[in-house]
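Trainee: Pasting coords_24.txt below, which is compact mmCIF, C-alpha atoms.
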```txt
# COMPACT_ATOMS: atom_id res chain seq x y z
CA MET U 12 2.50 22.34 9.49
CA GLY U 13 0.63 22.07 6.17
CA GLY U 14 -0.84 25.56 6.47
CA ASP U 15 2.58 27.13 7.01
CA ARG U 16 3.88 25.41 3.90
CA ALA U 17 0.99 26.49 1.75
CA GLY U 18 1.28 30.10 2.84
CA GLY U 19 5.05 30.51 3.04
CA PRO U 20 6.96 32.36 0.35
CA GLU U 21 9.58 29.62 0.06
CA SER U 22 8.73 26.10 1.21
CA GLY U 23 12.00 24.32 0.48
CA ARG U 24 10.10 22.31 -2.17
CA GLY U 25 10.03 25.00 -4.83
CA ARG U 26 7.99 28.20 -4.89
CA ALA U 27 4.79 27.73 -2.85
CA VAL U 28 1.71 29.57 -4.05
CA GLY U 29 -0.18 30.72 -0.99
CA PRO U 30 -2.71 33.31 0.18
CA GLY U 31 -0.49 36.27 -0.78
CA ASP U 32 -0.48 35.25 -4.40
CA GLY U 33 -4.22 34.72 -4.25
CA GLU U 34 -4.71 38.28 -2.97
CA ARG U 35 -2.61 39.66 -5.82
CA LEU U 36 -4.90 37.80 -8.18
CA ALA U 37 -8.09 39.13 -6.57
CA HIS U 38 -8.56 41.64 -9.37
CA ASP U 39 -7.51 39.23 -12.09
CA ARG U 40 -9.23 35.83 -11.96
CA ALA U 41 -7.87 32.69 -13.56
CA GLY U 42 -9.49 33.67 -16.82
CA GLY U 43 -7.15 36.64 -17.27
CA PRO U 44 -4.62 36.74 -20.10
CA GLU U 45 -1.23 35.13 -19.76
CA SER U 46 0.60 38.48 -19.80
CA GLU U 47 -1.25 39.67 -16.70
CA TRP U 48 -0.50 36.41 -14.88
CA GLY U 49 3.16 36.86 -15.68
CA ARG U 50 3.12 40.46 -14.45
CA VAL U 51 1.30 39.63 -11.23
CA VAL U 52 3.22 36.58 -9.98
CA GLY U 53 6.02 35.87 -12.45
CA PRO U 54 6.31 33.22 -15.15
CA GLY U 55 6.98 30.29 -12.80
CA ASP U 56 4.01 31.07 -10.59
CA ALA U 57 1.79 31.67 -13.60
CA GLU U 58 2.50 28.09 -14.73
CA ARG U 59 1.64 26.82 -11.25
CA LEU U 60 -1.57 28.86 -11.10
CA ALA U 61 -2.55 27.49 -14.50
CA ARG U 62 -2.14 23.95 -13.15
CA ILE U 63 -4.23 24.85 -10.10
CA ALA U 64 -6.98 26.18 -12.37
CA LEU U 65 -6.77 23.16 -14.67
CA THR U 66 -7.46 20.76 -11.80
CA ARG U 67 -11.03 22.09 -12.10
CA VAL U 68 -11.12 21.58 -15.85
CA ILE U 69 -9.36 18.30 -16.73
CA GLU U 70 -10.48 15.11 -15.01
CA PRO U 71 -7.87 12.91 -13.27
CA GLY U 72 -6.19 10.48 -15.63
CA ASP U 73 -7.30 12.31 -18.80
CA GLU U 74 -4.45 11.35 -21.14
CA ARG U 75 -5.54 13.82 -23.81
CA GLY U 76 -5.22 16.63 -21.30
CA GLY U 77 -1.90 15.24 -20.13
CA ARG U 78 -0.63 15.28 -23.69
CA TRP U 79 -1.63 18.94 -24.03
CA LEU U 80 0.26 19.78 -20.84
CA ARG U 81 3.33 17.94 -22.11
CA GLU U 82 3.28 19.56 -25.53
CA PHE U 83 2.19 23.12 -24.71
CA GLY U 84 2.60 23.66 -20.96
CA ALA U 85 -0.13 24.59 -18.50
CA ARG U 86 -0.19 28.33 -19.29
CA GLU U 87 -0.63 27.74 -23.01
CA VAL U 88 -3.38 25.16 -22.41
CA TRP U 89 -5.15 27.59 -20.12
CA ASP U 90 -4.90 30.41 -22.66
CA ARG U 91 -6.33 28.20 -25.40
CA LEU U 92 -9.29 27.42 -23.15
CA THR U 93 -9.97 30.98 -22.00
CA ALA U 94 -8.58 33.62 -24.36
CA PRO U 95 -10.88 34.77 -27.18
CA GLY U 96 -9.63 33.63 -30.56
CA ALA U 97 -6.95 31.35 -29.06
CA GLY U 98 -5.77 28.32 -30.97
CA ALA U 99 -7.59 25.01 -30.73
CA LEU U 100 -6.38 22.00 -28.76
CA PRO U 101 -5.61 18.97 -30.96
CA GLY U 102 -7.88 15.97 -30.58
CA ALA U 103 -10.70 17.84 -28.81
CA THR U 104 -14.08 17.80 -30.53
CA PRO U 105 -16.06 21.06 -30.49
CA ARG U 106 -18.44 19.55 -27.94
CA ARG U 107 -15.61 18.41 -25.65
CA LEU U 108 -13.83 21.76 -26.00
CA ALA U 109 -17.03 23.59 -25.07
CA GLY U 110 -17.24 21.47 -21.92
CA TYR U 111 -13.66 22.30 -20.99
CA ARG U 112 -14.27 26.00 -21.56
CA ALA U 113 -17.42 25.96 -19.46
CA ARG U 114 -15.45 24.48 -16.58
CA ALA U 115 -12.61 26.94 -17.10
CA ALA U 116 -15.02 29.86 -16.85
CA GLY U 117 -15.84 28.82 -13.27
CA ALA U 118 -12.27 28.13 -12.13
CA ASP U 119 -10.83 30.47 -9.50
CA PRO U 120 -7.32 29.56 -8.25
CA ARG U 121 -7.46 32.31 -5.61
CA ARG U 122 -10.53 30.74 -4.07
CA ASP U 123 -9.02 27.24 -4.18
CA LEU U 124 -5.76 28.39 -2.58
CA GLU U 125 -7.68 30.09 0.21
CA ALA U 126 -9.77 26.96 0.75
CA VAL U 127 -6.79 24.60 0.95
CA THR U 128 -4.93 27.01 3.23
CA ALA U 129 -7.95 27.12 5.54
CA ALA U 130 -7.73 23.31 5.67
CA ARG U 131 -4.01 23.58 6.56
CA GLY U 132 -3.05 22.24 3.17
CA ARG U 133 -0.99 23.06 0.10
CA PHE U 134 -0.64 22.37 -3.62
CA ILE U 135 2.35 20.73 -5.29
CA CYS U 136 3.05 20.01 -8.96
CA PRO U 137 5.76 18.52 -11.19
CA GLY U 138 9.03 20.38 -10.75
CA ASP U 139 8.57 20.99 -7.01
CA LEU U 140 11.07 19.42 -4.66
CA GLU U 141 8.19 17.66 -2.85
CA TRP U 142 6.82 16.13 -6.06
CA PRO U 143 7.23 12.29 -6.04
CA THR U 144 8.93 11.68 -9.37
CA GLN U 145 7.68 8.07 -9.53
CA LEU U 146 4.30 9.55 -10.48
CA ASP U 147 5.92 10.55 -13.78
CA ASP U 148 5.83 6.83 -14.69
CA LEU U 149 2.13 7.37 -15.43
CA GLY U 150 3.09 9.33 -18.55
CA ASP U 151 0.27 11.48 -19.87
CA ALA U 152 -2.01 10.11 -17.12
CA ARG U 153 0.21 11.79 -14.52
CA PRO U 154 -1.69 14.10 -12.13
CA ILE U 155 -1.76 17.78 -13.08
CA GLY U 156 -0.79 18.43 -9.47
CA LEU U 157 -1.64 17.21 -5.99
CA TRP U 158 -3.48 18.85 -3.12
CA LEU U 159 -2.11 17.85 0.31
CA ARG U 160 -3.12 18.10 3.95
CA GLY U 161 -0.60 17.23 6.64
CA GLY U 162 2.91 18.16 7.65
CA PRO U 163 5.24 15.45 6.27
CA ASP U 164 7.08 15.65 2.95
CA LEU U 165 5.26 13.45 0.42
CA ARG U 166 8.31 12.75 -1.73
CA THR U 167 10.31 11.50 1.27
CA TRP U 168 7.49 9.32 2.51
CA ALA U 169 6.72 7.85 -0.91
CA VAL U 170 10.25 6.48 -1.28
CA ARG U 171 9.52 3.88 1.43
CA SER U 172 5.82 3.18 1.07
CA VAL U 173 3.53 0.21 0.46
CA ALA U 174 -0.12 0.25 -0.61
CA VAL U 175 -2.53 -1.99 1.30
CA VAL U 176 -5.92 -2.19 -0.43
CA GLY U 177 -8.90 -4.50 -0.63
CA ALA U 178 -12.63 -5.03 -0.29
CA ARG U 179 -14.94 -2.57 1.41
CA ALA U 180 -17.29 -5.31 2.63
CA CYS U 181 -14.43 -7.36 4.07
CA THR U 182 -14.60 -10.29 6.48
CA PRO U 183 -13.23 -10.19 10.04
CA TYR U 184 -10.27 -12.22 8.73
CA GLY U 185 -9.56 -9.59 6.07
CA ALA U 186 -9.81 -6.72 8.55
CA HIS U 187 -7.45 -8.52 10.93
CA MET U 188 -4.89 -9.19 8.19
CA ALA U 189 -5.03 -5.60 6.91
CA ALA U 190 -4.60 -4.15 10.41
CA ALA U 191 -1.71 -6.54 11.12
CA LEU U 192 -0.03 -5.57 7.86
CA GLY U 193 -0.55 -1.87 8.58
CA SER U 194 0.92 -2.04 12.07
CA GLY U 195 3.71 -4.42 11.04
CA LEU U 196 4.82 -2.23 8.14
CA ALA U 197 4.67 0.89 10.29
CA GLU U 198 6.78 -0.74 13.01
CA ARG U 199 9.40 -1.53 10.36
CA GLY U 200 9.56 2.08 9.20
CA TRP U 201 7.34 1.81 6.12
CA VAL U 202 4.58 4.22 5.13
CA VAL U 203 1.17 2.59 4.62
CA VAL U 204 -0.79 4.05 1.68
CA SER U 205 -4.48 3.35 1.07
CA GLY U 206 -7.72 5.01 0.04
CA ALA U 207 -9.48 5.67 3.40
CA ALA U 208 -12.49 3.55 2.31
CA PHE U 209 -14.46 1.26 4.57
CA GLY U 210 -13.16 -2.26 5.06
CA ILE U 211 -9.57 -3.14 4.22
CA ASP U 212 -8.43 0.46 3.60
CA GLY U 213 -9.64 1.68 6.97
CA ALA U 214 -8.18 -1.32 8.79
CA ALA U 215 -4.76 -0.75 7.19
CA HIS U 216 -4.76 2.94 8.14
CA ARG U 217 -5.84 2.15 11.72
CA GLY U 218 -3.14 -0.49 12.06
CA ALA U 219 -0.46 2.01 11.06
CA LEU U 220 -1.84 4.72 13.34
CA ALA U 221 -2.11 2.32 16.29
CA ALA U 222 1.59 1.50 15.88
CA GLY U 223 2.45 5.20 15.91
CA GLY U 224 3.51 4.94 12.28
CA ALA U 225 3.08 6.83 9.04
CA THR U 226 0.09 6.54 6.73
CA VAL U 227 -1.16 8.33 3.61
CA ALA U 228 -4.77 8.45 2.41
CA VAL U 229 -5.26 9.11 -1.32
CA LEU U 230 -8.79 10.45 -1.80
CA ALA U 231 -11.05 10.59 -4.85
CA CYS U 232 -12.32 14.02 -3.77
CA GLY U 233 -11.01 17.30 -2.43
CA VAL U 234 -8.68 16.97 0.55
CA ASP U 235 -11.06 19.12 2.59
CA VAL U 236 -13.99 16.78 1.90
CA VAL U 237 -14.65 13.94 4.35
CA TYR U 238 -15.58 10.83 2.40
CA PRO U 239 -16.82 8.38 3.46
CA HIS U 240 -18.59 10.36 6.15
CA GLY U 241 -18.31 7.47 8.57
CA HIS U 242 -14.52 7.85 8.48
CA ALA U 243 -14.50 11.49 9.60
CA GLU U 244 -12.52 10.70 12.75
CA LEU U 245 -10.09 8.42 10.90
CA ILE U 246 -9.42 10.97 8.14
CA GLY U 247 -8.89 13.63 10.80
CA ARG U 248 -6.32 11.44 12.56
CA ILE U 249 -4.53 10.78 9.27
CA ALA U 250 -4.37 14.51 8.55
CA GLU U 251 -2.78 15.07 11.98
CA GLN U 252 -0.39 12.11 12.00
CA GLY U 253 0.12 11.53 8.28
CA LEU U 254 -0.92 12.92 4.91
CA ILE U 255 -4.14 13.36 2.94
CA VAL U 256 -3.55 13.46 -0.83
CA GLY U 257 -5.92 14.20 -3.71
CA GLU U 258 -5.90 15.32 -7.34
CA LEU U 259 -9.21 17.15 -7.13
CA PRO U 260 -9.46 20.76 -5.95
CA PRO U 261 -11.00 21.72 -2.59
CA GLY U 262 -14.69 20.99 -2.27
CA ASP U 263 -14.89 18.51 -5.16
CA HIS U 264 -16.86 15.33 -4.44
CA PRO U 265 -16.13 11.77 -5.58
CA THR U 266 -17.75 9.90 -8.45
CA PRO U 267 -17.44 6.21 -9.37
CA SER U 268 -14.99 6.94 -12.18
CA ARG U 269 -12.84 9.09 -9.90
CA PHE U 270 -12.45 6.21 -7.46
CA VAL U 271 -11.13 4.00 -10.25
CA LEU U 272 -8.76 6.68 -11.56
CA ARG U 273 -7.54 7.48 -8.03
CA ASN U 274 -6.16 3.94 -7.83
CA ARG U 275 -3.46 4.62 -10.43
CA VAL U 276 -1.98 7.24 -8.08
CA ILE U 277 -1.86 4.73 -5.20
CA ALA U 278 -0.11 2.21 -7.47
CA ALA U 279 2.43 4.68 -8.88
CA LEU U 280 3.20 6.37 -5.57
CA THR U 281 4.30 3.20 -3.75
CA ARG U 282 7.00 0.53 -4.01
CA GLY U 283 4.39 -2.23 -4.10
CA THR U 284 0.71 -3.03 -3.62
CA VAL U 285 -0.75 -5.70 -1.32
CA VAL U 286 -4.35 -6.80 -1.94
CA VAL U 287 -6.22 -8.21 1.07
CA GLU U 288 -9.56 -9.70 -0.03
CA ALA U 289 -11.08 -8.74 -3.37
CA GLU U 290 -13.83 -10.14 -5.53
CA HIS U 291 -13.32 -10.70 -9.25
CA ARG U 292 -14.71 -7.21 -9.92
CA SER U 293 -12.91 -4.98 -7.46
CA GLY U 294 -11.30 -1.56 -7.57
CA SER U 295 -8.38 -2.92 -5.58
CA LEU U 296 -7.57 -5.26 -8.47
CA VAL U 297 -7.40 -2.17 -10.69
CA THR U 298 -4.73 -0.84 -8.33
CA ALA U 299 -2.81 -4.11 -8.43
CA ARG U 300 -2.91 -4.42 -12.21
CA CYS U 301 -1.80 -0.83 -12.58
CA ALA U 302 1.10 -1.63 -10.23
CA GLN U 303 2.00 -4.59 -12.46
CA ARG U 304 2.00 -2.40 -15.57
CA LEU U 305 4.27 0.08 -13.79
CA SER U 306 6.66 -2.75 -12.78
CA ARG U 307 5.87 -2.29 -9.10
CA HIS U 308 5.76 -5.27 -6.75
CA THR U 309 2.28 -6.81 -6.62
CA MET U 310 1.27 -9.02 -3.70
CA GLY U 311 -1.81 -10.80 -2.42
CA VAL U 312 -2.90 -12.23 0.93
CA PRO U 313 -4.59 -15.61 0.37
CA GLY U 314 -7.93 -16.52 1.89
CA PRO U 315 -10.26 -19.55 1.92
CA ALA U 316 -10.73 -21.10 -1.52
CA THR U 317 -14.48 -21.04 -0.84
CA SER U 318 -14.61 -17.29 -0.16
CA GLY U 319 -15.83 -15.06 -2.98
CA LEU U 320 -14.03 -12.16 -1.30
CA SER U 321 -10.71 -13.90 -1.90
CA ALA U 322 -11.45 -15.04 -5.46
CA GLY U 323 -9.97 -11.91 -7.02
CA VAL U 324 -6.82 -12.19 -4.89
CA HIS U 325 -6.34 -15.82 -5.87
CA GLU U 326 -6.72 -14.93 -9.54
CA LEU U 327 -4.14 -12.19 -9.06
CA LEU U 328 -1.75 -14.68 -7.47
CA ARG U 329 -2.20 -17.03 -10.42
CA GLY U 330 -1.36 -14.11 -12.70
CA GLY U 331 2.08 -13.43 -11.27
CA ALA U 332 1.51 -11.62 -7.96
CA VAL U 333 3.50 -12.84 -4.95
CA LEU U 334 1.80 -14.47 -1.98
CA VAL U 335 2.49 -12.73 1.34
CA THR U 336 1.06 -13.39 4.80
CA ASP U 337 2.63 -10.69 6.97
CA ALA U 338 4.72 -7.52 7.04
CA ASP U 339 8.04 -9.42 7.11
CA GLU U 340 7.30 -11.15 3.82
CA THR U 341 6.10 -7.88 2.30
CA VAL U 342 9.24 -6.00 3.32
CA GLU U 343 11.43 -8.82 2.03
CA LEU U 344 9.94 -8.19 -1.41
CA VAL U 345 9.83 -4.38 -1.53
CA GLY U 346 12.71 -3.55 0.82
CA ASP U 347 16.42 -3.15 0.39
CA MET U 348 19.02 -5.89 0.23
CA GLY U 349 19.22 -7.77 3.52
CA GLU U 350 15.65 -7.00 4.68
CA LEU U 351 14.75 -10.67 4.79
CA ALA U 352 11.82 -12.35 6.48
CA PRO U 353 12.85 -14.69 9.32
CA PRO U 354 13.06 -18.41 8.46
CA ARG U 355 9.69 -20.16 8.78
CA ARG U 356 9.37 -23.64 10.31
CA GLY U 357 7.15 -25.53 12.69
CA PRO U 358 7.91 -25.97 16.40
CA VAL U 359 11.02 -27.95 17.37
CA LEU U 360 9.84 -31.21 19.00
CA PRO U 361 11.89 -33.31 21.47
CA ARG U 362 12.37 -36.10 18.95
CA ASP U 363 13.77 -33.59 16.42
CA LEU U 364 16.85 -33.24 18.66
CA LEU U 365 17.72 -36.96 18.71
CA ASP U 366 20.52 -38.39 16.64
CA PRO U 367 19.37 -40.60 13.73
CA VAL U 368 20.16 -43.97 15.40
CA SER U 369 18.35 -43.09 18.65
CA ALA U 370 15.39 -41.82 16.63
CA ARG U 371 15.16 -45.12 14.74
CA ILE U 372 15.31 -47.14 17.97
CA LEU U 373 12.60 -44.98 19.53
CA GLU U 374 10.39 -45.43 16.47
CA ALA U 375 10.89 -49.22 16.69
CA LEU U 376 9.36 -49.35 20.17
CA PRO U 377 5.66 -50.34 20.11
CA ALA U 378 3.03 -47.86 21.29
CA ARG U 379 1.76 -50.54 23.71
CA GLY U 380 3.79 -53.23 25.39
CA SER U 381 7.55 -53.66 25.42
CA ALA U 382 10.34 -55.09 23.27
CA ASP U 383 13.76 -56.64 23.93
CA PRO U 384 16.98 -55.01 22.70
CA ALA U 385 17.62 -57.74 20.11
CA ARG U 386 14.30 -57.10 18.37
CA LEU U 387 14.82 -53.34 18.52
CA ALA U 388 18.31 -53.73 17.06
CA ARG U 389 16.92 -55.73 14.15
CA ASP U 390 14.11 -53.28 13.47
CA ALA U 391 16.41 -50.25 13.79
CA GLY U 392 19.19 -51.77 11.69
CA THR U 393 21.91 -51.62 14.34
CA THR U 394 23.71 -53.94 16.78
CA PRO U 395 22.30 -55.11 20.14
CA ASP U 396 25.17 -53.45 22.04
CA GLU U 397 24.64 -50.09 20.34
CA THR U 398 20.90 -50.42 20.84
CA LEU U 399 21.33 -51.02 24.57
CA GLY U 400 23.59 -48.02 24.92
CA ARG U 401 21.13 -45.79 23.08
CA LEU U 402 18.24 -47.08 25.20
CA TYR U 403 20.01 -45.94 28.34
CA GLY U 404 20.48 -42.55 26.73
CA LEU U 405 16.78 -42.38 25.86
CA HIS U 406 15.98 -43.42 29.42
CA GLY U 407 17.93 -40.42 30.73
CA LEU U 408 15.90 -38.13 28.44
CA GLY U 409 12.59 -39.53 29.70
CA PHE U 410 11.57 -41.29 26.50
CA VAL U 411 11.79 -44.96 27.66
CA GLU U 412 11.77 -47.09 30.79
CA ARG U 413 13.09 -50.58 31.54
CA HIS U 414 10.84 -53.51 32.50
CA GLY U 415 13.05 -56.51 33.32
CA ASP U 416 15.06 -57.26 30.17
CA ASN U 417 12.61 -55.37 27.97
CA TRP U 418 12.04 -51.67 27.23
CA ARG U 419 8.89 -49.63 26.65
CA LEU U 420 7.86 -46.06 25.98
CA THR U 421 7.11 -43.84 28.98
CA PRO U 422 3.57 -42.41 29.26
CA GLN U 423 5.00 -38.93 28.50
CA ALA U 424 6.60 -40.21 25.28
CA ILE U 425 3.34 -41.81 24.20
CA HIS U 426 1.15 -38.75 24.81
CA ARG U 427 3.48 -35.81 24.02
CA PRO U 428 3.05 -34.30 20.52
CA ASN U 429 6.02 -35.98 18.90
CA THR U 430 4.60 -36.20 15.40
CA ARG U 431 4.51 -33.29 12.96
CA ARG U 432 1.25 -32.03 11.55
CA ASP U 433 1.89 -33.76 8.24
CA GLY U 434 2.09 -37.09 10.07
CA THR U 435 5.85 -37.54 9.81
```
Turn the structure described in the file into structure tokens.

Mentor:
Amino acid sequence: MGGDRAGGPESGRGRAVGPGDGERLAHDRAGGPESEWGRVVGPGDAERLARIALTRVIEPGDERGGRWLREFGAREVWDRLTAPGAGALPGATPRRLAGYRARAAGADPRRDLEAVTAARGRFICPGDLEWPTQLDDLGDARPIGLWLRGGPDLRTWAVRSVAVVGARACTPYGAHMAAALGSGLAERGWVVVSGAAFGIDGAAHRGALAAGGATVAVLACGVDVVYPHGHAELIGRIAEQGLIVGELPPGDHPTPSRFVLRNRVIAALTRGTVVVEAEHRSGSLVTARCAQRLSRHTMGVPGPATSGLSAGVHELLRGGAVLVTDADETVELVGDMGELAPPRRGPVLPRDLLDPVSARILEALPARGSADPARLARDAGTTPDETLGRLYGLHGLGFVERHGDNWRLTPQAIHRPNTRRDGT
């Protein structure tokens, strides 16, 4: 389970920092010098602990902070924020640096590790075996690390995952489509990723759970925080059956900007993003456009042209996204070679099975009254003898009946739905 992974000395995903390491740091908080971190837990764990502490300092998606991590490493960044007389960080104004240092003064990795362990969770970061390397496509906006709740391996699940996102205030049609996509993808062995919000997100998660499938909720808060509160039961079920993922440390609460920045993780983590209902200004469109920039598959479920909740989806479709209507079409796009959607066509009607000459003769018969074989032959462009032979064949199939020397349509042939919906 998640708690075992967080607390174990070796998780199979790289060195796991758990409660034991936190206890060894009890006398030396995150603000201690680098040399003491190295002596207490070793250089590798000191880098990890610095990342844990920095999740309380640097906001998700902060590319300046990401550049510092890339250029200096987490331990060096932490030292420059906490050690007296340490070097400055390039690009940070004195005011911004003072804000970072104020946050760093309150960071306590021991406390955060204990909190996530109590929630049966763990922390992973770049370099771990469980780290999904597709997140590296975000460049300097890559997460510092991820906090997880749940047993499954995130990297394994992310390889075969699809994001299903959309409007919070969705219509019954949107909720139905999202749930159908969630269950359909889960039944086909795909992991459904969304943001656990009301509306489309919740419907997609519930669809996957109802099918006994896998689902991941990416939160804009700490993984031990239930938000929205009305989804407490749903988030609990996801933690038991799937995974809860977040960039923010335990106890942190969401803000509007964090919701927007969270969406880049959903886009990068998955093979493709499906948008089900979205207005022109919608966070789900942020996810889709981020997916496009990352060269992920971007899809949209169409709705009524008169619906404002589908206006954003339709604009997305005009901008290069692919129209999908069910899980089969989604998997055909994001799946492996040979995972094709079944052929789509209308129902096969009795007249569809007739040979071309018999079909022309049948069409030549009037809807009311009867006609002689000579007239039918002329109208159908064939000979009277061939026409007579085909009429007997149509009689055996129940399409026509004989009245003296003439022929007419049977009542069943007149009233059965022999025409297609387009009138042909």

Trainee: Just checking: using only C-alpha atoms, which residue out of U:Val202, U:Ala222, U:Val237, U:Val285 ends up closest to His264 (chain U)?

Mentor: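 Checking each of U:Val202, U:Ala222, U:Val237, U:Val285 against His264 (chain U), counting only C-alpha atoms, the winner is U:Val237.
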
Trainee: Show me, as a list in words, the residues that have an atom within 7 Å of region 161-172 of chain U when counting all atoms listed in the file, minus same-chain residues fewer than 3 positions from it.

Mentor: Met12, Gly13, Gly132, Glu141, Trp142, Pro143, Trp201, Val202, Val203, Val204, Ala250, Glu251, Gly253, Leu254, Ile255, Leu280, Thr281 and Arg282 of chain U

Trainee: For a quick check of understanding, using only C-alpha atoms, which of U:Asp56, U:Arg78, U:Gly200, U:Asp337 has the smallest distance to Gly102 (chain U)?

Mentor: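 Closest candidate: U:Arg78.
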
Trainee: So which residues touch Leu272 (chain U) within 12 Å, counting only C-alpha atoms, skipping near sequence neighbours fewer than 5 positions away, as a PyMOL selection string?

Mentor: chain U and resi 70-74+149+152-154+206+229-232+257-259+265-267+277-279+294-295+297-298+301

Trainee: Find the distance between CA of Ser381 (chain U) and CA of Leu420 (chain U) and write it in Å to one decimal.

Mentor: 7.6 Å

Trainee: CA of Arg179 (chain U) and CA of Ala207 (chain U) are how many Å apart?

Mentor: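 One can read the CA of Arg179 (chain U) to CA of Ala207 (chain U) distance as 10.1 Å.
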
Trainee: May I ask for the distance between CA of Ala338 (chain U) and CA of Leu196 (chain U), given in Å to one decimal place?

Mentor: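 Computed distance, CA of Ala338 (chain U) to CA of Leu196 (chain U), equals 5.4 Å.
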
Trainee: Which residue is closest to Ile63 (chain U)? Choose from U:Ala109, U:Ala94, U:Val368, U:Leu157 and count only C-alpha atoms.

Mentor: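 The shortest atom-to-atom distance to Ile63 (chain U) comes from U:Leu157.
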
Trainee: Using all atoms listed in the file, which of U:Asp339, U:Glu198, U:Glu58, U:Glu244 sits nearest Gly156 (chain U)?

Mentor: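 Among the listed residues, U:Glu58 lies closest to Gly156 (chain U).
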
Trainee: Looking at U:Gly314, U:Gly210, U:Gly150, U:Pro384, which one is nearest to Val176 (chain U), with distances taken over only C-alpha atoms?

Mentor: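 Smallest distance to Val176 (chain U) is found for U:Gly210.
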
Trainee: Supply region 162-173 of chain U as a PDB file, keeping the file's coordinate frame, with N, CA, C and O atoms built in where the input has gaps.

Mentor:
```pdb
ATOM      1  N   GLY U 162       1.585  17.559   7.581  1.00  0.00           N
ATOM      2  CA  GLY U 162       2.910  18.160   7.650  1.00  0.00           C
ATOM      3  C   GLY U 162       4.021  17.462   6.896  1.00  0.00           C
ATOM      4  O   GLY U 162       4.903  18.115   6.356  1.00  0.00           O
ATOM      5  N   PRO U 163       4.066  16.124   6.834  1.00  0.00           N
ATOM      6  CA  PRO U 163       5.240  15.450   6.270  1.00  0.00           C
ATOM      7  C   PRO U 163       5.460  15.739   4.798  1.00  0.00           C
ATOM      8  O   PRO U 163       4.559  16.173   4.075  1.00  0.00           O
ATOM      9  N   ASP U 164       6.680  15.467   4.339  1.00  0.00           N
ATOM     10  CA  ASP U 164       7.080  15.650   2.950  1.00  0.00           C
ATOM     11  C   ASP U 164       6.661  14.412   2.148  1.00  0.00           C
ATOM     12  O   ASP U 164       7.122  13.299   2.423  1.00  0.00           O
ATOM     13  N   LEU U 165       5.798  14.590   1.168  1.00  0.00           N
ATOM     14  CA  LEU U 165       5.260  13.450   0.420  1.00  0.00           C
ATOM     15  C   LEU U 165       6.354  12.709  -0.334  1.00  0.00           C
ATOM     16  O   LEU U 165       6.359  11.475  -0.376  1.00  0.00           O
ATOM     17  N   ARG U 166       7.274  13.424  -0.939  1.00  0.00           N
ATOM     18  CA  ARG U 166       8.310  12.750  -1.730  1.00  0.00           C
ATOM     19  C   ARG U 166       9.161  11.844  -0.843  1.00  0.00           C
ATOM     20  O   ARG U 166       9.479  10.715  -1.216  1.00  0.00           O
ATOM     21  N   THR U 167       9.508  12.312   0.347  1.00  0.00           N
ATOM     22  CA  THR U 167      10.310  11.500   1.270  1.00  0.00           C
ATOM     23  C   THR U 167       9.547  10.269   1.708  1.00  0.00           C
ATOM     24  O   THR U 167      10.095   9.166   1.743  1.00  0.00           O
ATOM     25  N   TRP U 168       8.289  10.450   2.044  1.00  0.00           N
ATOM     26  CA  TRP U 168       7.490   9.320   2.510  1.00  0.00           C
ATOM     27  C   TRP U 168       7.248   8.293   1.406  1.00  0.00           C
ATOM     28  O   TRP U 168       7.250   7.089   1.657  1.00  0.00           O
ATOM     29  N   ALA U 169       7.051   8.767   0.175  1.00  0.00           N
ATOM     30  CA  ALA U 169       6.720   7.850  -0.910  1.00  0.00           C
ATOM     31  C   ALA U 169       7.861   6.905  -1.252  1.00  0.00           C
ATOM     32  O   ALA U 169       7.627   5.805  -1.761  1.00  0.00           O
ATOM     33  N   VAL U 170       9.088   7.313  -0.963  1.00  0.00           N
ATOM     34  CA  VAL U 170      10.250   6.480  -1.280  1.00  0.00           C
ATOM     35  C   VAL U 170      10.164   5.130  -0.568  1.00  0.00           C
ATOM     36  O   VAL U 170      10.621   4.105  -1.084  1.00  0.00           O
ATOM     37  N   ARG U 171       9.581   5.110   0.631  1.00  0.00           N
ATOM     38  CA  ARG U 171       9.520   3.880   1.430  1.00  0.00           C
ATOM     39  C   ARG U 171       8.060   3.633   1.819  1.00  0.00           C
ATOM     40  O   ARG U 171       7.685   3.706   2.988  1.00  0.00           O
ATOM     41  N   SER U 172       7.256   3.341   0.817  1.00  0.00           N
ATOM     42  CA  SER U 172       5.820   3.180   1.070  1.00  0.00           C
ATOM     43  C   SER U 172       5.284   1.936   0.388  1.00  0.00           C
ATOM     44  O   SER U 172       5.804   1.475  -0.625  1.00  0.00           O
ATOM     45  N   VAL U 173       4.220   1.400   0.978  1.00  0.00           N
ATOM     46  CA  VAL U 173       3.530   0.210   0.460  1.00  0.00           C
ATOM     47  C   VAL U 173       2.032   0.485   0.494  1.00  0.00           C
ATOM     48  O   VAL U 173       1.517   1.014   1.483  1.00  0.00           O
TER      49      VAL U 173
END
```
